[in-house]
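Everything on this sheet refers to the single structure shown next.
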Amino acid sequence: MNFDDRSITPKREDCVYTSCYCEENVWKLCDFIKTEGTAPLDQLFVVFISNDKKAVPLWKQKTGCGDEPVIWDYHVVLLHASTEREPLIYDLDSVMPFPCTLEQYATKALRSDHEIKPQFHRMLRVVPSACYLKHFASDRSHMKDAFGQWKMPPPHYPAISNTACQMNLNEFISMDAHVGWGRIFTLDNFLLSFMGEMPTENRRVAI
């Protein structure tokens, strides 16, 4: 596999990827990094983006059209926060570079909550990667319709589970601080926590 000069994962085309299974794609990235030892796990964070309405806009997504956002019920990306360089985001569903800086991602993909309707404001659950690898489980039942048919084809590998349970995805998607793992942030607080400042070019858009 080929690596660029700053990536801790394979190139995008070499990563394990299944469309519409972002939570598993990121789990596989974390597992690769742990197995290969390409970065300390304590520098890596799994970021769930959602809200109580399960409607969050993201720009620069593969399924987007032009400059219009995609409205996801949730999305998951990997954050590499190292003291040696600026934070990086790994998003396999984005058309942006893989990885790209958090500032680039915030400016072009997240943009701003300040001028969008409140029901679209983003919340973020930030989970340490080691915790995610240990506790995450999904039987993929959320991807089946009322007749038990797949809404989208599942990954080719077995479902991810742990000794405690077979399915806890909803606890990661939830933005209730009293359930699940990790820490809950507003978008602004997330950017201030990991960047120390708001992106100067963050666009304001109306939805």
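If you're wondering about the labels, chains in the structure tokens are A, B, ... by order shown, residues count from 1 in each chain, ligands from 1 in order shown.
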
Close residues, Pro128 of chain A itself excluded, 7 Å, only C-alpha atoms, min 5 positions apart in chain, as a list in words: Asp42, Leu44, Phe45, Val46 and Gly182 of chain A

Backbone DSSP call of alpha helix (DSSP H) for segment 73-111 of chain A, listed as a count of residues only: 4

Contacts of Ser141 of chain A at 9 Å (only C-alpha atoms; same-chain gap of 6+ positions) as a PyMOL selection string: chain A and resi 148+150+167

Please save C-alpha atoms of the selected residues as a PDB file, in the first residue's frame.
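Heads up, here's the output in result_2.pdb:
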```
ATOM      1  CA  GLY A 148     -35.803  -7.204   6.094  1.00  0.00           C
ATOM      2  CA  TRP A 150     -30.971  -4.146   2.709  1.00  0.00           C
ATOM      3  CA  MET A 167     -25.662  -3.395  18.577  1.00  0.00           C
TER       4      MET A 167
END
```

Interatomic distance (Å, one decimal) between atom CA of Gly64 of chain A and atom CA of Ala109 of chain A: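 Atom-to-atom, atom CA of Gly64 of chain A and atom CA of Ala109 of chain A are spaced 11.1 Å apart.
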
Lys62 of chain A environment, 8 Å, only C-alpha atoms, sequence neighbours closer than 6 positions dropped, as a list in words: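 The neighbour list is Asp93, Ser94 and Val95 of chain A.
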
With N, CA and C atoms kept, could you save the residues just selected as a tab-separated table (two decimals), in the first residue's frame?
```
chain	number	residue	atom	x	y	z
A	93	ASP	N	-16.08	9.72	2.62
A	93	ASP	CA	-17.24	10.09	1.82
A	93	ASP	C	-17.12	11.49	1.22
A	94	SER	N	-16.02	12.14	1.47
A	94	SER	CA	-15.82	13.51	1.01
A	94	SER	C	-15.04	13.54	-0.31
A	95	VAL	N	-15.25	14.61	-1.09
A	95	VAL	CA	-14.46	14.83	-2.30
A	95	VAL	C	-13.22	15.66	-1.99
```

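Checking A:Asp91, A:Asp188, A:Asp67, A:Glu84 one by one against Thr9 of chain A, counting only C-alpha atoms, you find the shortest gap at A:Asp91.
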